[in-house]
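**Student:** Sharing a structure with you now.
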Amino acid sequence: QVQLVESGGGLVQPGGSLRLSCAASGSTSVMAWYRQAPGKQRELVAGITTRGNSNYADSMKDRFTISRDNAKNTVYLQMNSLKPEDTAVYYCHARGDPNYSILYWGKGTLVTVSS
């Protein structure tokens with residue numbers, strides 16, 4: 001069983017930046033960030049493979065950057081030019097390795113964008 005632990009959330013002013021981290025306790029394959037705003041469904045923010053191939057939600061690809069350190073089993077999300085509508089709980093997600101069908105979720109970290 002792999003545990004995912006997120007960190008880096010908090011309160012930031014509009015236009016500011018935050019960097020989220022997610023450390024996995026074991027080996028994973030694809031890792032991703034999702035978010036869920038109040039009253040809304042959880043949505044994909046970005047994902048990244050072990051080879052560094054990444055994909056983004058269209059609304060965030062110009063402001064957010066996902067990266068990973070395979071040696072540390074850690075994925076990052078650099079968020080720039082934050083907007084109030086980015087306020088959400090951000091969840092780390094991973095697929096197992098070598099069993100791709102096993103899914104793991106972190107408990108989430110709250111990001112609040114407000115002046």
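Quick note on naming: the chains in the structure tokens go A, B, ... in the order shown, residues restart at 1 in each chain, and ligands are numbered from 1 in order of appearance.
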As an MDAnalysis selection string, please: every residue in stretch 1-88 of chain A that a backbone DSSP assignment puts in helix (DSSP H, G or I).
**Tutor:** chainID A and resid 70:72 84:86
**Student:** Just to be explicit: take each residue in the selection above, keep N, CA and C atoms, and write the result as an mmCIF file, in the first residue's frame.
**Tutor:**
data_model
loop_
_atom_site.group_PDB
_atom_site.id
_atom_site.type_symbol
_atom_site.label_atom_id
_atom_site.label_comp_id
_atom_site.auth_asym_id
_atom_site.auth_seq_id
_atom_site.Cartn_x
_atom_site.Cartn_y
_atom_site.Cartn_z
ATOM 1 N N ASN A 70 11.744 11.174 -9.679
ATOM 2 C CA ASN A 70 11.520 9.732 -9.530
ATOM 3 C C ASN A 70 12.360 9.139 -8.405
ATOM 4 N N ALA A 71 13.524 9.676 -8.188
ATOM 5 C CA ALA A 71 14.380 9.159 -7.115
ATOM 6 C C ALA A 71 13.745 9.379 -5.742
ATOM 7 N N LYS A 72 12.952 10.430 -5.635
ATOM 8 C CA LYS A 72 12.294 10.756 -4.366
ATOM 9 C C LYS A 72 10.823 10.341 -4.345
ATOM 10 N N PRO A 84 -8.674 33.636 -7.825
ATOM 11 C CA PRO A 84 -9.616 33.161 -6.794
ATOM 12 C C PRO A 84 -10.311 31.858 -7.183
ATOM 13 N N GLU A 85 -10.556 31.671 -8.469
ATOM 14 C CA GLU A 85 -11.227 30.439 -8.896
ATOM 15 C C GLU A 85 -10.326 29.213 -8.823
ATOM 16 N N ASP A 86 -9.066 29.402 -8.504
ATOM 17 C CA ASP A 86 -8.181 28.263 -8.266
ATOM 18 C C ASP A 86 -8.318 27.730 -6.841
#
**Student:** Using DSSP assignments from the backbone, pull out every residue in chain A that falls under strand (DSSP E or B) and give it to me as a VMD selection string.
**Tutor:** chain A and resid 4 to 7 10 to 12 18 to 24 28 to 36 43 to 48 54 to 56 64 to 69 74 to 79 88 to 96 103 to 105 109 to 113
**Student:** For each of A:Val89, A:Ser7, A:Asn80, A:Val30, take the minimum atom-to-atom distance to A:Asp62, counting only C-alpha atoms, then give the residue where this is smallest.
**Tutor:** A:Asn80
**Student:** Could you tell me which of A:Arg95, A:Ser59, A:Asn53, A:Ala24 comes closest to A:Leu82 if we count only C-alpha atoms?
**Tutor:**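 Under the stated criterion, the closest residue is A:Ser59.
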**Student:** Could you tell me which of A:Arg63, A:Arg19, A:Arg68, A:Lys107 comes closest to A:Ile48 if we count only C-alpha atoms?
**Tutor:**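 So, comparing all the options, the nearest one is A:Arg68.
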**Student:** Using only C-alpha atoms, determine which residues lie at most 7 Å from A:Tyr91, disregarding the query and same-chain residues fewer than 5 positions distant; provide the list as a ChimeraX atom specification.
**Tutor:** /A:33-35,105-109
**Student:** Set the distance at 9 Å and use only C-alpha atoms: which residues neighbour A:Ser17 once local chain neighbours fewer than 4 positions away are removed? I'd like the list as JSON, numbers by chain.
**Tutor:** {"A": [12, 13, 78, 79, 80, 81, 82]}
**Student:** In Å, rounded to a single decimal, give me how far atom CA of A:Gly52 is from atom CA of A:Pro14.
**Tutor:**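 Value for the atom CA of A:Pro14-atom CA of A:Gly52 distance: 29.1 Å.
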**Student:** Would you kindly return, as a list of chain:residue names, each protein, DNA or RNA residue with an atom no farther than 8 Å from any atom of A:Asn73, considering only C-alpha atoms and excluding same-chain residues fewer than 4 positions away?
**Tutor:**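 So the residues in contact are A:Ala23, A:Ala24, A:Ser25, A:Gly26, A:Ser27, A:Thr28, A:Arg68, A:Asp69.
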**Student:** For the atom pair atom CA of A:Asn99 and atom CA of A:Met31, what is the interatomic distance in Å to one decimal place?
**Tutor:**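 Result for atom CA of A:Asn99 versus atom CA of A:Met31: 13.6 Å, one decimal.
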**Student:** Would you pick out the contacts of A:Ser21 at 8 Å or less, using only C-alpha atoms, so that residues sharing its chain but fewer than 3 positions from it are not included, and give the list as a count of residues only?
**Tutor:** 7
